[in-house]
>>> print(open('start.cif').read())   # mmCIF, C-alpha atoms
data_start
#
loop_
_atom_site.group_PDB
_atom_site.id
_atom_site.type_symbol
_atom_site.label_atom_id
_atom_site.label_comp_id
_atom_site.auth_asym_id
_atom_site.auth_seq_id
_atom_site.Cartn_x
_atom_site.Cartn_y
_atom_site.Cartn_z
ATOM 1 C CA GLY H 1 50.849 97.300 76.868
ATOM 2 C CA ILE H 2 50.448 101.061 76.980
ATOM 3 C CA ALA H 3 53.622 103.114 77.465
ATOM 4 C CA ARG H 4 53.474 105.888 80.005
ATOM 5 C CA ARG H 5 56.038 108.274 81.380
ATOM 6 C CA GLU H 6 57.144 107.655 84.972
ATOM 7 C CA PRO H 7 59.441 109.752 87.192
ATOM 8 C CA ASP H 8 63.133 108.940 87.148
ATOM 9 C CA PRO H 9 63.918 106.263 89.737
ATOM 10 C CA PRO H 10 65.724 107.342 92.927
ATOM 11 C CA PRO H 11 69.451 106.742 93.387
ATOM 12 C CA PRO H 12 70.733 103.945 95.640
ATOM 13 C CA PRO H 13 70.850 105.177 99.257
ATOM 14 C CA VAL H 14 73.900 106.606 101.027
ATOM 15 C CA GLY H 15 75.958 103.782 102.505
ATOM 16 C CA SER H 16 75.373 101.460 99.553
ATOM 17 C CA CYS H 17 78.462 99.625 98.309
ATOM 18 C CA LEU H 18 79.200 99.052 94.640
ATOM 19 C CA LEU H 19 81.481 96.688 92.726
ATOM 20 C CA TRP H 20 83.123 98.270 89.685
ATOM 21 C CA PRO H 21 82.195 98.511 86.835
ATOM 22 C CA ALA H 22 78.549 97.641 87.577
ATOM 23 C CA TYR H 23 76.056 99.895 89.322
ATOM 24 C CA ASP H 24 74.599 96.941 91.164
ATOM 25 C CA VAL H 25 74.582 97.360 94.943
ATOM 26 C CA VAL H 26 76.397 94.640 96.896
ATOM 27 C CA ASP H 27 76.448 93.964 100.620
ATOM 28 C CA CYS H 28 79.249 95.976 102.226
ATOM 29 C CA SER H 29 80.491 92.806 103.934
ATOM 30 C CA GLN H 30 81.335 91.503 100.454
ATOM 31 C CA PRO H 31 84.303 92.713 98.352
ATOM 32 C CA HIS H 32 83.493 96.061 96.727
ATOM 33 C CA THR H 33 85.283 99.005 95.152
ATOM 34 C CA SER H 34 83.268 102.062 96.189
ATOM 35 C CA GLU H 35 80.703 103.354 98.658
ATOM 36 C CA ILE H 36 78.038 106.014 98.195
ATOM 37 C CA VAL H 37 78.550 109.016 100.484
ATOM 38 C CA ARG H 38 76.003 111.436 98.967
ATOM 39 C CA THR H 39 73.151 111.300 96.472
ATOM 40 C CA TRP H 40 71.086 113.650 94.306
ATOM 41 C CA ALA H 41 67.698 112.803 92.819
ATOM 42 C CA ALA H 42 67.174 113.562 89.124
ATOM 43 C CA ASP H 43 65.019 116.581 89.979
ATOM 44 C CA ASP H 44 67.211 117.864 92.824
ATOM 45 C CA PRO H 45 67.885 121.598 92.220
ATOM 46 C CA GLU H 46 71.418 121.037 93.603
ATOM 47 C CA LEU H 47 72.173 118.271 91.109
ATOM 48 C CA PRO H 48 75.817 118.927 90.143
ATOM 49 C CA GLY H 49 76.610 119.799 86.544
ATOM 50 C CA PRO H 50 79.423 118.403 84.374
ATOM 51 C CA ALA H 51 82.047 120.734 85.884
ATOM 52 C CA ASP H 52 80.755 120.672 89.478
ATOM 53 C CA ASP H 53 81.483 118.059 92.127
ATOM 54 C CA GLY H 54 78.600 119.186 94.335
ATOM 55 C CA HIS H 55 80.912 119.299 97.373
ATOM 56 C CA CYS H 56 81.474 115.573 96.899
ATOM 57 C CA GLY H 57 84.857 115.736 98.628
ATOM 58 C CA LEU H 58 83.461 117.408 101.721
ATOM 59 C CA ALA H 59 80.661 114.831 101.839
ATOM 60 C CA ALA H 60 83.228 112.011 101.740
ATOM 61 C CA LEU H 61 85.348 113.597 104.472
ATOM 62 C CA THR H 62 82.286 113.981 106.684
ATOM 63 C CA TYR H 63 81.019 110.457 105.959
ATOM 64 C CA MET H 64 84.380 108.898 106.812
ATOM 65 C CA GLY H 65 84.713 110.863 110.024
ATOM 66 C CA MET H 66 87.442 113.142 108.708
ATOM 67 C CA ARG H 67 87.586 116.912 108.653
ATOM 68 C CA PRO H 68 90.108 119.235 107.050
ATOM 69 C CA ALA H 69 93.304 118.528 108.939
ATOM 70 C CA HIS H 70 93.924 121.959 110.414
ATOM 71 C CA LEU H 71 90.566 121.915 112.231
ATOM 72 C CA ASP H 72 91.028 118.837 114.383
ATOM 73 C CA PRO H 73 94.345 118.079 116.112
ATOM 74 C CA ILE H 74 93.494 114.571 117.333
ATOM 75 C CA TRP H 75 94.911 111.365 115.935
ATOM 76 C CA ARG H 76 93.165 109.934 112.918
ATOM 77 C CA SER H 77 93.548 106.377 111.665
ATOM 78 C CA MET H 78 95.028 106.200 108.202
ATOM 79 C CA VAL H 79 92.275 106.663 105.632
ATOM 80 C CA PRO H 80 93.996 108.152 102.585
ATOM 81 C CA LEU H 81 91.461 110.127 100.550
ATOM 82 C CA GLN H 82 92.236 112.191 97.454
ATOM 83 C CA VAL H 83 89.935 115.113 96.701
ATOM 84 C CA ASN H 84 90.622 117.306 93.664
ATOM 85 C CA GLY H 85 94.350 116.590 93.840
ATOM 86 C CA LEU H 86 94.597 117.182 97.605
ATOM 87 C CA ILE H 87 95.319 114.201 99.826
ATOM 88 C CA PHE H 88 93.801 113.975 103.283
ATOM 89 C CA GLY H 89 95.011 111.413 105.802
ATOM 90 C CA TYR H 90 98.628 110.941 104.758
ATOM 91 C CA GLY H 91 101.094 113.765 104.421
ATOM 92 C CA SER H 92 101.818 114.881 100.894
ATOM 93 C CA SER H 93 102.171 111.626 98.946
ATOM 94 C CA ALA H 94 99.410 109.244 97.939
ATOM 95 C CA PRO H 95 99.754 105.816 99.548
ATOM 96 C CA MET H 96 98.633 102.544 98.064
ATOM 97 C CA GLY H 97 94.943 101.908 98.303
ATOM 98 C CA THR H 98 94.106 105.617 98.169
ATOM 99 C CA LEU H 99 90.435 106.473 97.824
ATOM 100 C CA SER H 100 89.248 109.171 95.466
ATOM 101 C CA THR H 101 85.912 110.901 95.276
ATOM 102 C CA VAL H 102 83.987 110.163 92.083
ATOM 103 C CA ILE H 103 80.699 111.551 90.742
ATOM 104 C CA GLN H 104 78.677 108.910 88.872
ATOM 105 C CA ARG H 105 75.491 109.469 86.888
ATOM 106 C CA ALA H 106 72.589 107.074 86.594
ATOM 107 C CA PRO H 107 73.014 104.293 84.014
ATOM 108 C CA GLU H 108 71.116 104.836 80.777
ATOM 109 C CA ARG H 109 68.354 102.460 81.794
ATOM 110 C CA GLU H 110 67.538 104.670 84.797
ATOM 111 C CA ARG H 111 67.327 108.100 83.178
ATOM 112 C CA LEU H 112 65.011 109.727 80.683
ATOM 113 C CA ASP H 113 65.949 112.998 78.974
ATOM 114 C CA GLY H 114 68.527 114.318 81.445
ATOM 115 C CA PRO H 115 71.429 112.908 83.425
ATOM 116 C CA GLY H 116 69.127 111.171 85.899
ATOM 117 C CA TRP H 117 70.247 110.825 89.484
ATOM 118 C CA LYS H 118 73.855 111.313 90.520
ATOM 119 C CA ILE H 119 75.888 109.838 93.333
ATOM 120 C CA CYS H 120 79.109 110.803 95.073
ATOM 121 C CA THR H 121 81.268 107.798 95.895
ATOM 122 C CA ALA H 122 84.509 107.169 97.711
ATOM 123 C CA ALA H 123 86.206 104.722 95.365
ATOM 124 C CA LEU H 124 89.436 102.752 95.460
ATOM 125 C CA GLU H 125 91.895 103.997 92.873
ATOM 126 C CA LYS H 126 93.657 100.674 92.310
ATOM 127 C CA ILE H 127 91.098 98.589 90.429
ATOM 128 C CA PRO H 128 90.564 95.608 90.709
ATOM 129 C CA GLU H 129 91.624 95.949 94.355
ATOM 130 C CA THR H 130 88.634 95.644 96.693
ATOM 131 C CA THR H 131 87.796 96.205 100.333
ATOM 132 C CA VAL H 132 85.179 94.874 102.739
ATOM 133 C CA GLY H 133 83.192 96.696 105.412
ATOM 134 C CA SER H 134 81.727 100.180 105.463
ATOM 135 C CA LEU H 135 83.741 103.387 105.233
ATOM 136 C CA ALA H 136 81.323 105.213 107.551
ATOM 137 C CA ASN H 137 83.311 106.918 110.343
ATOM 138 C CA LEU H 138 86.284 104.756 109.394
ATOM 139 C CA ALA H 139 88.804 107.396 110.513
ATOM 140 C CA GLN H 140 87.426 107.181 114.043
ATOM 141 C CA ASN H 141 87.155 103.388 114.270
ATOM 142 C CA SER H 142 89.709 101.067 115.854
ATOM 143 C CA GLU H 143 89.527 98.661 112.917
ATOM 144 C CA ARG H 144 90.882 99.241 109.448
ATOM 145 C CA PRO H 145 90.739 97.113 106.276
ATOM 146 C CA ALA H 146 94.150 95.891 105.185
ATOM 147 C CA VAL H 147 93.952 97.920 101.971
ATOM 148 C CA PHE H 148 94.427 101.076 104.043
ATOM 149 C CA GLY H 149 97.574 99.850 105.763
ATOM 150 C CA VAL H 150 100.435 102.348 105.439
ATOM 151 C CA CYS H 151 103.870 100.824 105.910
ATOM 152 C CA LEU H 152 107.352 102.178 105.229
ATOM 153 C CA SER H 153 110.417 100.217 104.222
ATOM 154 C CA LYS H 154 112.495 102.392 106.585
ATOM 155 C CA PHE H 155 111.634 104.557 109.557
ATOM 156 C CA THR H 156 112.095 108.202 108.622
ATOM 157 C CA GLN H 157 111.979 111.452 110.543
ATOM 158 C CA LEU H 158 109.386 114.066 109.704
ATOM 159 C CA PRO H 159 108.627 115.551 107.258
ATOM 160 C CA ASP H 160 110.010 112.778 105.006
ATOM 161 C CA ASN H 161 107.335 110.116 104.485
ATOM 162 C CA GLY H 162 109.833 107.499 103.324
ATOM 163 C CA GLU H 163 109.250 104.724 100.799
ATOM 164 C CA GLN H 164 105.832 103.157 101.164
ATOM 165 C CA VAL H 165 105.382 99.422 100.630
ATOM 166 C CA PRO H 166 102.383 97.100 101.054
ATOM 167 C CA CYS H 167 102.095 95.950 104.659
ATOM 168 C CA SER H 168 102.211 92.358 103.391
ATOM 169 C CA GLU H 169 105.822 92.943 102.299
ATOM 170 C CA PRO H 170 108.825 93.292 104.641
ATOM 171 C CA HIS H 171 108.838 96.728 106.237
ATOM 172 C CA GLU H 172 110.373 98.479 109.192
ATOM 173 C CA THR H 173 107.574 100.847 110.202
ATOM 174 C CA GLU H 174 103.791 100.969 110.157
ATOM 175 C CA ILE H 175 102.015 104.314 110.448
ATOM 176 C CA PHE H 176 98.932 103.959 112.604
ATOM 177 C CA ALA H 177 97.749 107.537 112.409
ATOM 178 C CA GLN H 178 98.648 111.127 111.740
ATOM 179 C CA ALA H 179 97.532 114.387 113.255
ATOM 180 C CA PHE H 180 97.523 117.906 111.888
ATOM 181 C CA ALA H 181 96.580 121.212 113.468
ATOM 182 C CA MET H 182 96.933 124.874 112.587
ATOM 183 C CA LEU H 183 97.172 127.676 115.131
ATOM 184 C CA TYR H 184 96.499 130.843 113.162
ATOM 185 C CA ASP H 185 98.087 134.195 113.945
ATOM 186 C CA ASP H 186 94.680 135.787 113.525
ATOM 187 C CA PRO H 187 92.403 134.192 116.183
ATOM 188 C CA SER H 188 89.303 135.313 114.281
ATOM 189 C CA PHE H 189 90.300 133.632 111.007
ATOM 190 C CA ILE H 190 87.743 131.045 109.821
ATOM 191 C CA PRO H 191 89.323 128.690 107.237
ATOM 192 C CA LEU H 192 86.056 127.253 105.911
ATOM 193 C CA PRO H 193 82.429 128.393 106.003
ATOM 194 C CA ASN H 194 80.513 126.952 108.956
ATOM 195 C CA SER H 195 83.690 125.404 110.397
ATOM 196 C CA ASP H 196 84.547 125.135 114.062
ATOM 197 C CA PRO H 197 86.262 128.076 115.740
ATOM 198 C CA PRO H 198 90.049 128.156 115.256
ATOM 199 C CA LEU H 199 92.291 126.561 117.866
ATOM 200 C CA THR H 200 93.496 128.739 120.718
ATOM 201 C CA ALA H 201 96.464 126.475 121.520
ATOM 202 C CA LEU H 202 98.229 123.479 120.003
ATOM 203 C CA PRO H 203 98.053 120.203 121.944
ATOM 204 C CA SER H 204 101.220 119.411 123.914
ATOM 205 C CA GLN H 205 103.713 116.764 122.856
ATOM 206 C CA SER H 206 102.955 114.681 125.958
ATOM 207 C CA THR H 207 99.249 114.756 125.139
ATOM 208 C CA MET H 208 99.886 113.505 121.613
ATOM 209 C CA GLU H 209 102.280 110.806 122.873
ATOM 210 C CA ASN H 210 99.711 109.492 125.351
ATOM 211 C CA GLN H 211 97.020 109.461 122.681
ATOM 212 C CA CYS H 212 99.356 107.655 120.272
ATOM 213 C CA ARG H 213 100.095 104.879 122.751
ATOM 214 C CA GLN H 214 96.406 104.412 123.515
ATOM 215 C CA LEU H 215 95.624 104.360 119.792
ATOM 216 C CA ALA H 216 98.284 101.674 119.277
ATOM 217 C CA LYS H 217 96.671 99.562 122.015
ATOM 218 C CA ASP H 218 93.258 99.961 120.440
ATOM 219 C CA LEU H 219 94.368 99.187 116.889
ATOM 220 C CA MET H 220 96.574 96.257 117.862
ATOM 221 C CA GLN H 221 94.058 94.979 120.436
ATOM 222 C CA ALA H 222 97.051 94.326 122.667
ATOM 223 C CA GLY H 223 97.484 95.175 126.332
ATOM 224 C CA ASP H 224 101.158 95.943 125.696
ATOM 225 C CA PRO H 225 101.565 97.442 122.213
ATOM 226 C CA GLY H 226 105.343 97.451 122.671
ATOM 227 C CA PHE H 227 105.420 93.667 123.138
ATOM 228 C CA ALA H 228 107.716 93.850 126.178
ATOM 229 C CA GLY H 229 110.026 96.357 124.537
ATOM 230 C CA GLN H 230 110.414 94.557 121.212
ATOM 231 C CA LEU H 231 108.546 97.240 119.277
ATOM 232 C CA THR H 232 109.153 100.990 119.379
ATOM 233 C CA ILE H 233 106.151 103.289 119.514
ATOM 234 C CA ASN H 234 107.040 106.643 117.991
ATOM 235 C CA SER H 235 105.001 109.778 118.327
ATOM 236 C CA GLN H 236 106.868 112.276 116.201
ATOM 237 C CA TYR H 237 105.886 115.847 116.946
ATOM 238 C CA SER H 238 106.868 118.695 114.674
ATOM 239 C CA VAL H 239 105.706 122.316 114.685
ATOM 240 C CA GLN H 240 106.552 124.378 111.618
ATOM 241 C CA ARG H 241 106.165 128.107 111.200
ATOM 242 C CA THR H 242 104.107 129.326 108.217
ATOM 243 C CA GLU H 243 104.467 133.001 107.420
ATOM 244 C CA VAL H 244 101.778 135.266 106.037
ATOM 245 C CA GLY H 245 101.888 135.450 102.243
ATOM 246 C CA ASP H 246 100.600 134.189 98.944
ATOM 247 C CA SER H 247 101.251 130.520 98.194
ATOM 248 C CA GLY H 248 99.969 128.657 95.154
ATOM 249 C CA GLY H 249 97.393 131.314 94.403
ATOM 250 C CA THR H 250 95.872 131.265 97.889
ATOM 251 C CA VAL H 251 96.466 133.689 100.735
ATOM 252 C CA ASN H 252 98.221 132.082 103.675
ATOM 253 C CA PRO H 253 97.055 133.719 106.913
ATOM 254 C CA GLY H 254 100.158 132.633 108.814
ATOM 255 C CA GLY H 255 100.498 130.525 111.924
ATOM 256 C CA ASP H 256 102.038 127.419 113.465
ATOM 257 C CA LEU H 257 101.415 124.061 111.820
ATOM 258 C CA LEU H 258 101.534 120.883 113.899
ATOM 259 C CA PHE H 259 102.296 117.636 112.108
ATOM 260 C CA ALA H 260 102.604 114.318 113.960
ATOM 261 C CA ASP H 261 103.030 110.639 113.110
ATOM 262 C CA CYS H 262 101.973 107.756 115.353
ATOM 263 C CA THR H 263 104.084 104.805 114.227
ATOM 264 C CA ILE H 264 105.405 101.475 115.418
ATOM 265 C CA THR H 265 108.811 100.167 114.379
ATOM 266 C CA ALA H 266 110.344 96.672 114.263
ATOM 267 C CA PRO H 267 113.241 95.647 116.544
ATOM 268 C CA ALA H 268 116.741 96.434 115.306
ATOM 269 C CA GLY H 269 117.873 93.928 112.699
ATOM 270 C CA HIS H 270 114.336 92.714 111.981
ATOM 271 C CA LEU H 271 111.480 93.565 109.634
ATOM 272 C CA LEU H 272 107.732 93.146 109.995
ATOM 273 C CA THR H 273 105.927 91.096 107.354
ATOM 274 C CA GLU H 274 102.284 91.924 108.159
ATOM 275 C CA SER H 275 100.208 94.776 109.516
ATOM 276 C CA LEU H 276 100.024 94.850 113.304
ATOM 277 C CA VAL H 277 96.418 96.020 113.316
ATOM 278 C CA GLY H 278 94.411 93.463 115.322
ATOM 279 C CA ILE H 279 97.421 91.283 116.192
ATOM 280 C CA GLY H 280 96.214 90.731 119.772
ATOM 281 C CA THR H 281 98.260 87.999 121.467
ATOM 282 C CA LYS H 282 99.567 86.368 118.281
ATOM 283 C CA PRO H 283 103.354 86.163 117.744
ATOM 284 C CA LEU H 284 104.979 89.145 116.075
ATOM 285 C CA PRO H 285 105.326 88.684 112.282
ATOM 286 C CA LEU H 286 109.096 89.218 112.196
ATOM 287 C CA GLN H 287 111.872 88.211 109.845
#
>>> encode(input="start.cif", output="structure tokens")
Amino acid sequence: GIARREPDPPPPPVGSCLLWPAYDVVDCSQPHTSEIVRTWAADDPELPGPADDGHCGLAALTYMGMRPAHLDPIWRSMVPLQVNGLIFGYGSSAPMGTLSTVIQRAPERERLDGPGWKICTAALEKIPETTVGSLANLAQNSERPAVFGVCLSKFTQLPDNGEQVPCSEPHETEIFAQAFAMLYDDPSFIPLPNSDPPLTALPSQSTMENQCRQLAKDLMQAGDPGFAGQLTINSQYSVQRTEVGDSGGTVNPGGDLLFADCTITAPAGHLLTESLVGIGTKPLPLQ
């Protein structure tokens, strides 16, 4: 035949799921290790370079229904995501099953002289661990793959996150969600370009408690998430003062930081052996 030059092929579309280490797209209902949250064609003028993530982290946060914590003080299901060393969705320590944002270039067979297309993926850090289902708006959904379960061997008071264990192992507490909010001293301060206006007031403790209980009902799919008083629903509410100053090379504008956990804890003298997400009317997994 006669060889002729063709344009670089397009990248797989946003929402495609991949199974490491191949680039082959698999159905998201099948086990996979990453999901595409943004793409760039080979000739895209915004194609990120070797030292540029092309706002991949922000794309992943948006795709998964998350926003920087201080902008949105409502409960978010646990979707631990690590972006450039910062962890969104779970305090200050990375839980098991954490996702990280990864930039991947086209395989050699799909590029000519340059890097070809590039994709931004949200990928599981613990390979060969896999998940099923899409990550789209996962932080706002009432279902959560088991890989994102966040369980603690012991219930701890804020701000201590305690020792995390897989939810399939005996544990005392499961964290259903967390909430963060920042009330800045300067009401005109905009933390990120094109972000929502700053908060004018922090939500009340009673508001957060009511939302936590409703979230527990939704996640557990149970009319009584306390199982007739056997389980304890905790909505820890902590407001910490942050003074104006320089911290870690960034200017802190000062304000009040809200941090809250929505957790459920086993009865005294017992431990849970499975996640309570989706338990419905089944017996409690106690030991």
>>> closest_residue(input="start.cif", among="H:Ala139, H:Cys212, H:Leu271, H:Ala201", to="H:Glu169", atoms="all atoms listed in the file")
H:Leu271
>>> residues_around(input="start.cif", residues="H:Gly57", least_positions_apart="3", cutoff="10 Å", atoms="all atoms listed in the file", output="number ranges by chain")
H: 37-38, 53-54, 60-63, 81-84, 86, 100-103, 120-122
>>> residues_around(input="start.cif", residues="H:Lys118", least_positions_apart="4", cutoff="10 Å", atoms="all atoms listed in the file", output="PyMOL selection string")
chain H and resi 10-12+38-42+44+47-49+54+103-107
>>> resolve_selection(input="start.cif", expression="the PyMOL selection byres ((chain H and resi 278) around 6)", output="ChimeraX atom specification")
/H:219-221,277,279-280
>>> write_last_selection(input="start.cif", atoms="C-alpha atoms", output="mmCIF file, keeping the file's coordinate frame")
data_model
loop_
_atom_site.group_PDB
_atom_site.id
_atom_site.type_symbol
_atom_site.label_atom_id
_atom_site.label_comp_id
_atom_site.auth_asym_id
_atom_site.auth_seq_id
_atom_site.Cartn_x
_atom_site.Cartn_y
_atom_site.Cartn_z
ATOM 1 C CA LEU H 219 94.368 99.187 116.889
ATOM 2 C CA MET H 220 96.574 96.257 117.862
ATOM 3 C CA GLN H 221 94.058 94.979 120.436
ATOM 4 C CA VAL H 277 96.418 96.020 113.316
ATOM 5 C CA ILE H 279 97.421 91.283 116.192
ATOM 6 C CA GLY H 280 96.214 90.731 119.772
#
>>> closest_residue(input="start.cif", among="H:Cys17, H:Leu199, H:Val132, H:Leu152", to="H:Asp186", atoms="all atoms listed in the file")
H:Leu199
>>> residues_around(input="start.cif", residues="H:Cys167", least_positions_apart="4", cutoff="6 Å", atoms="only C-alpha atoms", output="list in words")
Cys151, Glu274 and Ser275 of chain H
>>> closest_residue(input="start.cif", among="H:Ser16, H:Ser29, H:Ser168, H:Gln178", to="H:Leu272", atoms="all atoms listed in the file")
H:Ser168
>>> closest_residue(input="start.cif", among="H:Val14, H:Leu257, H:Ala181, H:Cys262", to="H:Gln211", atoms="only C-alpha atoms")
H:Cys262
>>> closest_residue(input="start.cif", among="H:Met182, H:Ala59, H:Ala260, H:Ala177", to="H:Thr207", atoms="all atoms listed in the file")
H:Ala260
>>> atom_distance(input="start.cif", atom1="atom CA of H:Ala22", atom2="atom CA of H:Glu125")
15.7 Å
>>> atom_distance(input="start.cif", atom1="atom CA of H:Pro115", atom2="atom CA of H:Asp43")
9.9 Å
